[in-house]
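Text of coords-v1.cif (mmCIF, C-alpha atoms) as supplied:
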```cif
data_start
loop_
_atom_site.group_PDB
_atom_site.id
_atom_site.type_symbol
_atom_site.label_atom_id
_atom_site.label_comp_id
_atom_site.auth_asym_id
_atom_site.auth_seq_id
_atom_site.Cartn_x
_atom_site.Cartn_y
_atom_site.Cartn_z
ATOM 1 C CA MET A 1 -1.206 82.762 -181.116
ATOM 2 C CA ASP A 2 1.945 81.778 -179.234
ATOM 3 C CA LEU A 3 1.809 79.615 -176.101
ATOM 4 C CA ARG A 4 4.115 80.007 -173.092
ATOM 5 C CA VAL A 5 4.078 77.642 -170.132
ATOM 6 C CA ALA A 6 5.985 78.864 -167.079
ATOM 7 C CA ALA A 7 6.441 77.985 -163.408
ATOM 8 C CA TYR A 8 6.783 80.430 -160.503
ATOM 9 C CA ALA A 9 7.453 80.417 -156.768
ATOM 10 C CA VAL A 10 5.724 82.223 -153.916
ATOM 11 C CA VAL A 11 8.500 82.470 -151.323
ATOM 12 C CA GLU A 12 7.404 84.164 -148.103
ATOM 13 C CA ARG A 13 9.163 84.428 -144.773
ATOM 14 C CA ARG A 14 8.894 86.727 -141.800
ATOM 15 C CA GLY A 15 6.281 88.920 -143.504
ATOM 16 C CA LYS A 16 8.321 89.425 -146.678
ATOM 17 C CA ILE A 17 7.992 87.983 -150.160
ATOM 18 C CA LEU A 18 10.761 87.333 -152.663
ATOM 19 C CA LEU A 19 10.274 89.325 -155.874
ATOM 20 C CA THR A 20 12.296 89.918 -159.000
ATOM 21 C CA HIS A 21 12.229 92.954 -161.247
ATOM 22 C CA TRP A 22 11.348 92.002 -164.838
ATOM 23 C CA ARG A 23 12.405 94.250 -167.694
ATOM 24 C CA ARG A 24 11.863 94.062 -171.446
ATOM 25 C CA GLY A 25 12.638 97.270 -173.305
ATOM 26 C CA HIS A 26 10.605 100.064 -171.723
ATOM 27 C CA LEU A 27 8.236 97.560 -170.064
ATOM 28 C CA HIS A 28 9.039 96.587 -166.477
ATOM 29 C CA GLY A 29 7.600 95.574 -163.121
ATOM 30 C CA TRP A 30 8.084 93.388 -160.056
ATOM 31 C CA THR A 31 7.030 89.749 -160.310
ATOM 32 C CA LEU A 32 7.466 86.350 -158.704
ATOM 33 C CA PRO A 33 10.695 84.469 -159.391
ATOM 34 C CA GLY A 34 10.216 81.899 -162.111
ATOM 35 C CA GLY A 35 9.915 81.615 -165.838
ATOM 36 C CA GLY A 36 9.510 79.496 -168.916
ATOM 37 C CA ILE A 37 9.666 75.720 -168.761
ATOM 38 C CA GLU A 38 12.224 74.239 -171.133
ATOM 39 C CA SER A 39 11.275 71.370 -173.444
ATOM 40 C CA GLY A 40 11.053 68.156 -171.410
ATOM 41 C CA GLU A 41 11.606 69.970 -168.082
ATOM 42 C CA ASP A 42 9.440 69.234 -165.050
ATOM 43 C CA PRO A 43 7.744 72.430 -163.772
ATOM 44 C CA ARG A 44 9.174 71.875 -160.277
ATOM 45 C CA ASP A 45 12.693 71.673 -161.730
ATOM 46 C CA ALA A 46 12.002 74.849 -163.713
ATOM 47 C CA VAL A 47 11.114 76.707 -160.484
ATOM 48 C CA VAL A 48 14.358 75.602 -158.810
ATOM 49 C CA ARG A 49 16.396 76.610 -161.883
ATOM 50 C CA GLU A 50 14.663 79.972 -162.323
ATOM 51 C CA VAL A 51 14.890 80.957 -158.641
ATOM 52 C CA ALA A 52 18.634 80.201 -158.725
ATOM 53 C CA GLU A 53 19.132 82.159 -161.972
ATOM 54 C CA GLU A 54 17.122 85.188 -160.846
ATOM 55 C CA THR A 55 18.052 85.404 -157.156
ATOM 56 C CA GLY A 56 21.098 83.228 -156.536
ATOM 57 C CA LEU A 57 19.140 81.291 -153.896
ATOM 58 C CA GLU A 58 18.556 77.534 -153.685
ATOM 59 C CA ALA A 59 14.838 76.773 -153.674
ATOM 60 C CA LYS A 60 12.894 73.827 -152.327
ATOM 61 C CA VAL A 61 9.537 73.513 -154.067
ATOM 62 C CA GLY A 62 6.470 72.878 -151.933
ATOM 63 C CA LYS A 63 2.745 72.666 -152.593
ATOM 64 C CA LEU A 64 1.200 73.416 -155.967
ATOM 65 C CA LEU A 65 -0.908 76.531 -155.368
ATOM 66 C CA GLY A 66 -2.662 76.693 -158.705
ATOM 67 C CA VAL A 67 -2.558 77.232 -162.444
ATOM 68 C CA ASP A 68 -3.400 80.561 -164.034
ATOM 69 C CA SER A 69 -4.251 80.841 -167.727
ATOM 70 C CA ARG A 70 -4.643 84.082 -169.614
ATOM 71 C CA VAL A 71 -4.356 85.570 -173.069
ATOM 72 C CA MET A 72 -2.538 88.866 -173.288
ATOM 73 C CA VAL A 73 -1.611 91.225 -176.066
ATOM 74 C CA ARG A 74 2.123 91.900 -176.231
ATOM 75 C CA GLU A 75 3.163 95.455 -177.023
ATOM 76 C CA GLU A 76 6.507 94.715 -178.619
ATOM 77 C CA VAL A 77 6.488 91.983 -181.281
ATOM 78 C CA PRO A 78 8.293 91.781 -184.624
ATOM 79 C CA ALA A 79 6.277 92.911 -187.633
ATOM 80 C CA GLY A 80 4.025 90.136 -188.911
ATOM 81 C CA ASP A 81 4.002 88.208 -185.608
ATOM 82 C CA ASP A 82 0.757 87.662 -183.706
ATOM 83 C CA PRO A 83 0.770 89.970 -180.668
ATOM 84 C CA GLU A 84 -1.500 87.606 -178.692
ATOM 85 C CA LEU A 85 0.182 85.278 -176.208
ATOM 86 C CA HIS A 86 -1.537 82.523 -174.255
ATOM 87 C CA THR A 87 0.374 82.138 -171.020
ATOM 88 C CA ILE A 88 -0.138 79.272 -168.588
ATOM 89 C CA ARG A 89 1.460 80.006 -165.217
ATOM 90 C CA ILE A 90 2.007 77.199 -162.715
ATOM 91 C CA VAL A 91 2.463 78.592 -159.204
ATOM 92 C CA TYR A 92 4.097 76.758 -156.286
ATOM 93 C CA ARG A 93 4.883 77.581 -152.680
ATOM 94 C CA ALA A 94 8.611 77.360 -152.089
ATOM 95 C CA THR A 95 11.259 77.988 -149.469
ATOM 96 C CA VAL A 96 14.844 79.063 -149.987
ATOM 97 C CA VAL A 97 18.110 78.404 -148.209
ATOM 98 C CA ASP A 98 19.317 81.569 -146.455
ATOM 99 C CA GLY A 99 21.947 83.432 -148.382
ATOM 100 C CA PRO A 100 22.737 86.695 -150.094
ATOM 101 C CA LEU A 101 20.582 87.753 -153.024
ATOM 102 C CA ARG A 102 22.371 87.881 -156.357
ATOM 103 C CA ASN A 103 20.842 89.765 -159.268
ATOM 104 C CA GLU A 104 20.527 87.978 -162.600
ATOM 105 C CA VAL A 105 22.973 89.041 -165.306
ATOM 106 C CA ASP A 106 21.909 89.095 -168.971
ATOM 107 C CA GLY A 107 18.468 87.686 -168.221
ATOM 108 C CA SER A 108 14.886 88.927 -168.155
ATOM 109 C CA SER A 109 15.191 90.227 -164.596
ATOM 110 C CA ASP A 110 17.637 92.783 -163.266
ATOM 111 C CA GLU A 111 17.067 92.790 -159.488
ATOM 112 C CA ALA A 112 15.936 90.483 -156.691
ATOM 113 C CA ARG A 113 14.520 91.812 -153.429
ATOM 114 C CA TRP A 114 12.707 90.767 -150.253
ATOM 115 C CA VAL A 115 9.644 93.030 -150.012
ATOM 116 C CA ALA A 116 7.410 93.435 -146.972
ATOM 117 C CA LEU A 117 3.897 92.254 -147.829
ATOM 118 C CA ARG A 118 2.510 95.575 -146.597
ATOM 119 C CA ASP A 119 4.714 97.406 -149.160
ATOM 120 C CA ILE A 120 3.620 95.436 -152.258
ATOM 121 C CA LYS A 121 0.988 98.013 -153.229
ATOM 122 C CA SER A 122 3.627 100.744 -153.444
ATOM 123 C CA LEU A 123 5.476 98.856 -156.202
ATOM 124 C CA ARG A 124 4.718 98.534 -159.888
ATOM 125 C CA THR A 125 3.897 94.819 -160.021
ATOM 126 C CA LEU A 126 2.871 92.468 -162.780
ATOM 127 C CA SER A 127 -0.502 90.725 -162.372
ATOM 128 C CA LEU A 128 1.220 87.492 -161.377
ATOM 129 C CA VAL A 129 2.148 88.943 -157.969
ATOM 130 C CA GLN A 130 -1.481 89.439 -156.906
ATOM 131 C CA THR A 131 -2.434 86.098 -158.469
ATOM 132 C CA GLY A 132 0.280 84.287 -156.505
ATOM 133 C CA LEU A 133 -0.504 86.106 -153.261
ATOM 134 C CA ARG A 134 -4.192 85.254 -153.649
ATOM 135 C CA MET A 135 -3.398 81.581 -154.361
ATOM 136 C CA ALA A 136 -1.146 81.456 -151.283
ATOM 137 C CA GLY A 137 -3.691 83.235 -149.072
ATOM 138 C CA LEU A 138 -1.251 86.090 -148.424
ATOM 139 C CA ASN A 139 -3.308 88.989 -149.785
ATOM 140 C CA ARG A 140 -5.909 89.083 -147.023
ATOM 141 C CA ARG A 141 -6.138 92.128 -144.770
ATOM 142 C CA PRO A 142 -6.548 91.586 -141.040
ATOM 143 C CA VAL A 143 -10.234 91.700 -140.046
ATOM 144 C CA GLY A 144 -11.348 95.040 -138.613
ATOM 145 C CA LYS A 145 -8.432 96.967 -140.083
ATOM 146 C CA PRO A 146 -9.488 98.466 -143.415
ATOM 147 C CA GLY A 147 -6.722 99.652 -145.703
ATOM 148 C CA LYS A 148 -5.556 103.238 -145.751
ATOM 149 C CA GLY A 149 -8.292 105.457 -147.119
ATOM 150 C CA ALA A 150 -10.793 102.592 -147.230
ATOM 151 C CA ASN A 151 -14.426 103.509 -146.770
ATOM 152 C CA ARG A 152 -16.376 100.960 -144.767
ATOM 153 C CA GLN A 153 -19.723 102.486 -145.731
ATOM 154 C CA GLY A 154 -21.678 102.188 -148.915
ATOM 155 C CA ARG A 155 -23.307 105.064 -150.801
ATOM 156 C CA SER A 156 -26.308 104.957 -148.491
ATOM 157 C CA GLY A 157 -24.054 105.646 -145.504
ATOM 158 C CA LYS A 158 -24.836 102.227 -144.055
ATOM 159 C CA PRO A 159 -21.938 99.939 -143.178
ATOM 160 C CA ARG A 160 -21.144 97.295 -145.789
ATOM 161 C CA LYS A 161 -21.566 93.655 -144.862
#
```
Could you write out this file's structure as structure tokens?
Amino acid sequence: MDLRVAAYAVVERRGKILLTHWRRGHLHGWTLPGGGIESGEDPRDAVVREVAEETGLEAKVGKLLGVDSRVMVREEVPAGDDPELHTIRIVYRATVVDGPLRNEVDGSSDEARWVALRDIKSLRTLSLVQTGLRMAGLNRRPVGKPGKGANRQGRSGKPRK
């Protein structure tokens, strides 16, 4: 099983979050800016480097939000390689210096975008987005305002607690 250690940034301002569009072959989705840590590189330095590569913005790394560990099965691997990948994802809060977004060229992402938090569910996102939002406390709905189509009653017809 291969191991990949990566660092990512949750960058939120004015109700929007910075996302990048990841693409590998026919697989794609929106994710947090960040990526693999190079040998000997500090995770905080990796976040700054990756945000610059993927968005063109200068990042300042803040609080460590958490570490996520998961084993996934990759769909596209060379014959004879183990499809399982253990990925350890280190997630930080970060801010960026204002400036124009610049899409990465010849990298794993092909677009950078500020997305309103309320619009996240309409996008095809990788699991890291929800993980990062949860770690940052940004995925909570306002109290008393259930989501569109939400049912506040259980099967018995009684309100849920």
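Atom CA of A:Lys121 lies 16.1 Å from atom CA of A:Glu12.
Each of A:Ile90, A:Val129, A:Val71, A:Ala79 was compared to A:Val47 using only C-alpha atoms, and A:Ile90 turns out to be the nearest.
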Residues within 10 Å of (21.3, 89.1, -162.5), counting only C-alpha atoms, listed as JSON, numbers by chain: {"A": [20, 21, 53, 54, 55, 56, 101, 102, 103, 104, 105, 106, 107, 108, 109, 110, 111, 112]}
Atom pair atom CA of A:Trp22 / atom CA of A:Val115: separation (Å): 15.0 Å
Point-to-point distance from atom CA of A:Leu126 to atom CA of A:Arg24, Å rounded to tenths: 12.6 Å
Nearest to A:Arg118, chosen from A:Gly25, A:Arg14, A:Tyr8, A:Ile88, with all atoms listed in the file counted in the distances: A:Arg14
Residues selected by the PyMOL selection byres ((chain A and resi 95-98) around 12), written as a PyMOL selection string: chain A and resi 9-14+17-18+33+47-48+51-52+55-63+92-94+99-101+114
Just the selected residues (C-alpha atoms), exported as an mmCIF file, in the frame of the given file, please.
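What ended up in selection-v3.cif:
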```cif
data_model
loop_
_atom_site.group_PDB
_atom_site.id
_atom_site.type_symbol
_atom_site.label_atom_id
_atom_site.label_comp_id
_atom_site.auth_asym_id
_atom_site.auth_seq_id
_atom_site.Cartn_x
_atom_site.Cartn_y
_atom_site.Cartn_z
ATOM 1 C CA ALA A 9 7.453 80.417 -156.768
ATOM 2 C CA VAL A 10 5.724 82.223 -153.916
ATOM 3 C CA VAL A 11 8.500 82.470 -151.323
ATOM 4 C CA GLU A 12 7.404 84.164 -148.103
ATOM 5 C CA ARG A 13 9.163 84.428 -144.773
ATOM 6 C CA ARG A 14 8.894 86.727 -141.800
ATOM 7 C CA ILE A 17 7.992 87.983 -150.160
ATOM 8 C CA LEU A 18 10.761 87.333 -152.663
ATOM 9 C CA PRO A 33 10.695 84.469 -159.391
ATOM 10 C CA VAL A 47 11.114 76.707 -160.484
ATOM 11 C CA VAL A 48 14.358 75.602 -158.810
ATOM 12 C CA VAL A 51 14.890 80.957 -158.641
ATOM 13 C CA ALA A 52 18.634 80.201 -158.725
ATOM 14 C CA THR A 55 18.052 85.404 -157.156
ATOM 15 C CA GLY A 56 21.098 83.228 -156.536
ATOM 16 C CA LEU A 57 19.140 81.291 -153.896
ATOM 17 C CA GLU A 58 18.556 77.534 -153.685
ATOM 18 C CA ALA A 59 14.838 76.773 -153.674
ATOM 19 C CA LYS A 60 12.894 73.827 -152.327
ATOM 20 C CA VAL A 61 9.537 73.513 -154.067
ATOM 21 C CA GLY A 62 6.470 72.878 -151.933
ATOM 22 C CA LYS A 63 2.745 72.666 -152.593
ATOM 23 C CA TYR A 92 4.097 76.758 -156.286
ATOM 24 C CA ARG A 93 4.883 77.581 -152.680
ATOM 25 C CA ALA A 94 8.611 77.360 -152.089
ATOM 26 C CA GLY A 99 21.947 83.432 -148.382
ATOM 27 C CA PRO A 100 22.737 86.695 -150.094
ATOM 28 C CA LEU A 101 20.582 87.753 -153.024
ATOM 29 C CA TRP A 114 12.707 90.767 -150.253
#
```
Evaluate the PyMOL selection byres ((chain A and resi 66-69) around 9) on the structure here and hand back the selected residues as a PDB file with C-alpha atoms, in the frame of the given file.
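Output saved as expr-v9.pdb:
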```pdb
ATOM      1  CA  LEU A  64       1.200  73.416-155.967  1.00  0.00           C
ATOM      2  CA  LEU A  65      -0.908  76.531-155.368  1.00  0.00           C
ATOM      3  CA  ARG A  70      -4.643  84.082-169.614  1.00  0.00           C
ATOM      4  CA  VAL A  71      -4.356  85.570-173.069  1.00  0.00           C
ATOM      5  CA  HIS A  86      -1.537  82.523-174.255  1.00  0.00           C
ATOM      6  CA  THR A  87       0.374  82.138-171.020  1.00  0.00           C
ATOM      7  CA  ILE A  88      -0.138  79.272-168.588  1.00  0.00           C
ATOM      8  CA  ARG A  89       1.460  80.006-165.217  1.00  0.00           C
ATOM      9  CA  ILE A  90       2.007  77.199-162.715  1.00  0.00           C
ATOM     10  CA  VAL A  91       2.463  78.592-159.204  1.00  0.00           C
ATOM     11  CA  TYR A  92       4.097  76.758-156.286  1.00  0.00           C
ATOM     12  CA  LEU A 128       1.220  87.492-161.377  1.00  0.00           C
ATOM     13  CA  THR A 131      -2.434  86.098-158.469  1.00  0.00           C
ATOM     14  CA  GLY A 132       0.280  84.287-156.505  1.00  0.00           C
ATOM     15  CA  MET A 135      -3.398  81.581-154.361  1.00  0.00           C
ATOM     16  CA  ALA A 136      -1.146  81.456-151.283  1.00  0.00           C
TER      17      ALA A 136
END
```
Matched chain/residue IDs from the PyMOL selection byres ((chain A and resi 74) around 9), as a PyMOL selection string: chain A and resi 72-73+75-77+82-85
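Contact shell of A:Ser39 at 12 Å (all atoms listed in the file; same-chain neighbours under 5 positions omitted): Arg4, Val5, Ala6, Asp45 and Ala46 of chain A.
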Using 4 Å of padding on each side, determine the axis-aligned box around all atoms of stretch 3-19 of chain A present in the file and give its centre and edge lengths in Å to one decimal, as lines of an AutoDock Vina configuration file.
```
center_x = 6.3
center_y = 83.5
center_z = -159.0
size_x = 17.0
size_y = 19.8
size_z = 42.3
```
A:Leu32, A:Ala116, A:Ile37, A:Leu138 ranked by distance to A:Leu3, top pick (using all atoms listed in the file): A:Ile37
